[in-house]
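Trainee: Sharing a structure below in structure tokens format, with a few things to ask.
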Amino acid sequence: MAVAVTVTVLLGIITVDGMYAVLEHLTAWRLAEGAVAAAAIAVLQLAHSFPWLLPRLASVAWLTLGLQAVASFAPFADLGEAWLSMPAFLAGSVLLVLRPRLAWPAFLLVVAATDYALLQLGAGWDIVLTSISVALAALGVFGLSRLAALVTEVRAARTRVAGLALAAERLRFARDLHDLLGTSLSAISFKCEHVRRLVGNGTDRAQQELADILRMSRQALADVRAVARGYREVSLATEAEAAESMLAAVGIRSTVRLADRPLPGSVDTLLATVLREGLTNMLRHSAAERCVIETVHADGAVRLSLANDGVTGPPAPAGQEGRGGLDVLTAWVGGRGGSLHGRVRADGWFLLEARVPLAERADRAGAAAAGSGAS
């Protein structure tokens with residue numbers, strides 16, 4: 001939006017100056033000179049306001065700033081007062097390109113140079129209004145350009161925050177596994193080495209050591225299952241609370257409305273997983289600013305809905321999200337007798353909705369699906 005507004009302002013000022021030039025009945029040669037200079041200023045201003053659009057020009061900002069100064073003041077000799085608005089862009093560019101201690105003196109210098117050029121043309125007291133107009137237009141260009149840069153930085157920061165949250169979760173998982181299994185696996189390795197030395201001396205001691213190894217390995221396996229179960233069996237309420245905190249950290253306003261009714265363990269875990277994956281999908285594929293999370297109980301089922309604005313394109317088709325995407329979630333929910341759908345609503349929001357039965361048949365269906373997958 002900032003880019004579009006800046007370009008609109010740029011074209012508007014160029015159009016106004018062009019109309020002044022036509023009304024003053026300038027020759028075709030002078031009109032052509034003004035058109036070429038205005039086009040050059042437009043390109044150079046885009047390079048200064050939005051460096052990512054023209055990266056090659058952005059790498060030589062001092063040179064482009066000098067060229068813009070020439071294009072801003074040289075046409076005064078032929079175009080006169082019809083050119084009075086164009087230095088405003090140069091004043092905005094010096095604020096964008098130069099360091100603050102140089103930018104503001106250069107800004108005042110550009111305004112003063114514009115006043116001097118108008119005095120040479122006999123503008124009289126009109127220079128006061130022109131100074132104000134040039135200064136305000138320059139500050140507007142500067143503000144819009146900085147706004148676009150800040151929006152880009154905020155989006156990049158939101159992506160980094162999401163990545164850091166994922167990295168922190170991975171580190172926590174690794175730390176838990178190390179704390180639980182490090183001692184057991186070290187003892188197993190030591191005992192295996194001990195058994196290798198005892199095999200030649202006597203089988204009784206070796207059998208005792210092997211029994212200890214078997215016991216430790218079973219304990220290590222139980223520890224791994226306990227950790228995995230702790231990560232699989234998550235609560236929807238806990239996941240929603242964590243989601244609300246995470247969304248606030250990345251600048252997304254969230255509204256959470258969970259029904260105050262207990263859920264069966266398998267349903268609670270399933271909906272928590274749907275919420276987690278849905279939020280991941282939202283952060284990856286939208287520029288959301290608002291999000292609504294809600295559960296409703298009706299007709300023996302619970303319905304979880306996740307809605308967000310900032311849709312930047314159609315949702316990825318099923319099968320193209322990879323493991324953990326909406327296609328996998330659809331299979332999980334369907335295996336428990338429910339349904340999951342994603343669509344863009346009429347108001348432009350994306351809605352992800354999961355409906356899961358509360359009856360025990362959902363658990364049996366899920367168990368059957370898990371069994372068939374294991375086989």
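For the structure tokens, the naming scheme is as follows: chains receive sequential letters (A, B, ...) according to their order of presentation, residues are indexed from 1 within each chain, and ligands are indexed from 1 in presentation order.
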I want to know what sits within 7 Å of Val292 of chain A, based on only C-alpha atoms, with residues of the same chain fewer than 6 positions away left out; could you give that as a CSV table (one decimal) with N, CA and C atoms, in the first residue's frame?
Mentor:
```csv
chain,number,residue,atom,x,y,z
A,254,SER,N,-5.7,-11.6,18.6
A,254,SER,CA,-6.4,-12.9,18.7
A,254,SER,C,-7.6,-12.8,19.6
A,255,THR,N,-8.7,-13.6,19.3
A,255,THR,CA,-9.8,-13.8,20.1
A,255,THR,C,-10.0,-15.3,20.3
A,256,VAL,N,-10.1,-15.7,21.6
A,256,VAL,CA,-10.2,-17.2,21.9
A,256,VAL,C,-11.5,-17.4,22.6
A,306,LEU,N,-10.9,-22.0,13.2
A,306,LEU,CA,-9.8,-21.0,13.2
A,306,LEU,C,-9.9,-20.1,12.0
A,307,ALA,N,-10.2,-18.8,12.2
A,307,ALA,CA,-10.4,-17.9,11.1
A,307,ALA,C,-9.4,-16.8,11.2
A,308,ASN,N,-8.9,-16.3,10.1
A,308,ASN,CA,-7.9,-15.2,10.1
A,308,ASN,C,-8.1,-14.4,8.8
```
Trainee: Applying 7 Å and only C-alpha atoms, which residues near Ala38 of chain A remain after dropping the ones on its own chain fewer than 4 positions away? List them as a ChimeraX atom specification.
Mentor: /A:14,34,42
Trainee: If we count only C-alpha atoms and set the cut-off at 12 Å, which residues sit around Val154 of chain A, ignoring sequence neighbours fewer than 6 positions away in its own chain? Please answer as a count of residues only.
Mentor: 10
Trainee: Between A:Val97, A:Val141, A:Leu329, A:Leu283, which one has atoms that come closest to Gly163 of chain A, using only C-alpha atoms?
Mentor: A:Leu283
Trainee: To one decimal place, how far is atom CA of Thr295 of chain A from atom CA of Leu258 of chain A in Å?
Mentor: 5.0 Å
Trainee: For the atom pair atom CA of Val36 of chain A and atom CA of Val111 of chain A, what is the interatomic distance in Å to one decimal place?
Mentor: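 We find that atom CA of Val36 of chain A and atom CA of Val111 of chain A lie 22.8 Å from each other.
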Trainee: Any idea what's packed within 12 Å of Leu57 of chain A, counting only C-alpha atoms, ignoring anything in its chain fewer than 6 positions away? Could you give it as number ranges by chain?
Mentor: A: 43-51, 63-65, 67
Trainee: Convert the current residue selection to file output with N, CA, C and O atoms, as a PDB file, in the first residue's frame.
Mentor:
```
ATOM      1  N   VAL A  43      11.987   7.345 -11.707  1.00  0.00           N
ATOM      2  CA  VAL A  43      12.787   6.119 -11.536  1.00  0.00           C
ATOM      3  C   VAL A  43      13.745   6.257 -10.355  1.00  0.00           C
ATOM      4  O   VAL A  43      13.875   5.345  -9.517  1.00  0.00           O
ATOM      5  N   LEU A  44      14.426   7.401 -10.274  1.00  0.00           N
ATOM      6  CA  LEU A  44      15.385   7.610  -9.183  1.00  0.00           C
ATOM      7  C   LEU A  44      14.696   7.653  -7.828  1.00  0.00           C
ATOM      8  O   LEU A  44      15.223   7.151  -6.827  1.00  0.00           O
ATOM      9  N   GLN A  45      13.475   8.227  -7.781  1.00  0.00           N
ATOM     10  CA  GLN A  45      12.748   8.273  -6.513  1.00  0.00           C
ATOM     11  C   GLN A  45      12.340   6.878  -6.052  1.00  0.00           C
ATOM     12  O   GLN A  45      12.413   6.545  -4.867  1.00  0.00           O
ATOM     13  N   LEU A  46      11.925   6.043  -6.981  1.00  0.00           N
ATOM     14  CA  LEU A  46      11.595   4.662  -6.621  1.00  0.00           C
ATOM     15  C   LEU A  46      12.823   3.932  -6.093  1.00  0.00           C
ATOM     16  O   LEU A  46      12.726   3.124  -5.160  1.00  0.00           O
ATOM     17  N   ALA A  47      13.984   4.196  -6.691  1.00  0.00           N
ATOM     18  CA  ALA A  47      15.215   3.560  -6.216  1.00  0.00           C
ATOM     19  C   ALA A  47      15.561   4.001  -4.801  1.00  0.00           C
ATOM     20  O   ALA A  47      16.093   3.217  -4.001  1.00  0.00           O
ATOM     21  N   HIS A  48      15.263   5.249  -4.452  1.00  0.00           N
ATOM     22  CA  HIS A  48      15.575   5.747  -3.106  1.00  0.00           C
ATOM     23  C   HIS A  48      14.515   5.334  -2.081  1.00  0.00           C
ATOM     24  O   HIS A  48      14.845   5.025  -0.940  1.00  0.00           O
ATOM     25  N   SER A  49      13.250   5.348  -2.492  1.00  0.00           N
ATOM     26  CA  SER A  49      12.176   5.025  -1.553  1.00  0.00           C
ATOM     27  C   SER A  49      12.058   3.532  -1.291  1.00  0.00           C
ATOM     28  O   SER A  49      11.809   3.103  -0.163  1.00  0.00           O
ATOM     29  N   PHE A  50      12.247   2.716  -2.328  1.00  0.00           N
ATOM     30  CA  PHE A  50      12.063   1.262  -2.214  1.00  0.00           C
ATOM     31  C   PHE A  50      13.266   0.560  -2.845  1.00  0.00           C
ATOM     32  O   PHE A  50      13.203   0.107  -3.991  1.00  0.00           O
ATOM     33  N   PRO A  51      14.391   0.487  -2.128  1.00  0.00           N
ATOM     34  CA  PRO A  51      15.630  -0.042  -2.708  1.00  0.00           C
ATOM     35  C   PRO A  51      15.496  -1.452  -3.267  1.00  0.00           C
ATOM     36  O   PRO A  51      16.221  -1.819  -4.197  1.00  0.00           O
ATOM     37  N   LEU A  63      25.424   8.378  -6.292  1.00  0.00           N
ATOM     38  CA  LEU A  63      25.374   8.765  -7.696  1.00  0.00           C
ATOM     39  C   LEU A  63      23.941   9.086  -8.120  1.00  0.00           C
ATOM     40  O   LEU A  63      23.690  10.111  -8.778  1.00  0.00           O
ATOM     41  N   THR A  64      22.992   8.220  -7.736  1.00  0.00           N
ATOM     42  CA  THR A  64      21.600   8.469  -8.112  1.00  0.00           C
ATOM     43  C   THR A  64      21.050   9.723  -7.446  1.00  0.00           C
ATOM     44  O   THR A  64      20.219  10.433  -8.021  1.00  0.00           O
ATOM     45  N   LEU A  65      21.528  10.016  -6.226  1.00  0.00           N
ATOM     46  CA  LEU A  65      21.087  11.233  -5.557  1.00  0.00           C
ATOM     47  C   LEU A  65      21.585  12.469  -6.316  1.00  0.00           C
ATOM     48  O   LEU A  65      20.850  13.459  -6.482  1.00  0.00           O
ATOM     49  N   LEU A  67      22.266  12.583  -9.570  1.00  0.00           N
ATOM     50  CA  LEU A  67      21.495  12.663 -10.809  1.00  0.00           C
ATOM     51  C   LEU A  67      20.109  13.244 -10.564  1.00  0.00           C
ATOM     52  O   LEU A  67      19.594  14.034 -11.370  1.00  0.00           O
TER      53      LEU A  67
END
```
Trainee: Within 12 Å of Ile293 of chain A, counting only C-alpha atoms, which residues show up once you throw out same-chain ones fewer than 6 positions away? Write them as an MDAnalysis selection string, please.
Mentor: chainID A and resid 236:237 239:241 243:244 247 253:259 271:272 274:276 278:279 303:308 351:354
Trainee: What does the distance between atom CA of Ala88 of chain A and atom CA of Ala61 of chain A come to in Å, to one decimal place?
Mentor: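 Separation of atom CA of Ala88 of chain A and atom CA of Ala61 of chain A: 17.6 Å.
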Trainee: May I have the residues within 10 Å of Val5 of chain A as a list in words, using only C-alpha atoms and disregarding those fewer than 6 positions away in the same chain?
Mentor: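 Within the cut-off, the hits are Leu11, Val141, Leu144 and Ser145 of chain A.
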Trainee: Any chance you can output those residues with C-alpha atoms as an mmCIF file, in the first residue's frame?
Mentor:
```
data_model
loop_
_atom_site.group_PDB
_atom_site.id
_atom_site.type_symbol
_atom_site.label_atom_id
_atom_site.label_comp_id
_atom_site.auth_asym_id
_atom_site.auth_seq_id
_atom_site.Cartn_x
_atom_site.Cartn_y
_atom_site.Cartn_z
ATOM 1 C CA LEU A 11 2.466 10.641 -10.701
ATOM 2 C CA VAL A 141 7.393 10.843 0.613
ATOM 3 C CA LEU A 144 5.507 6.568 3.222
ATOM 4 C CA SER A 145 8.863 5.142 2.188
#
```
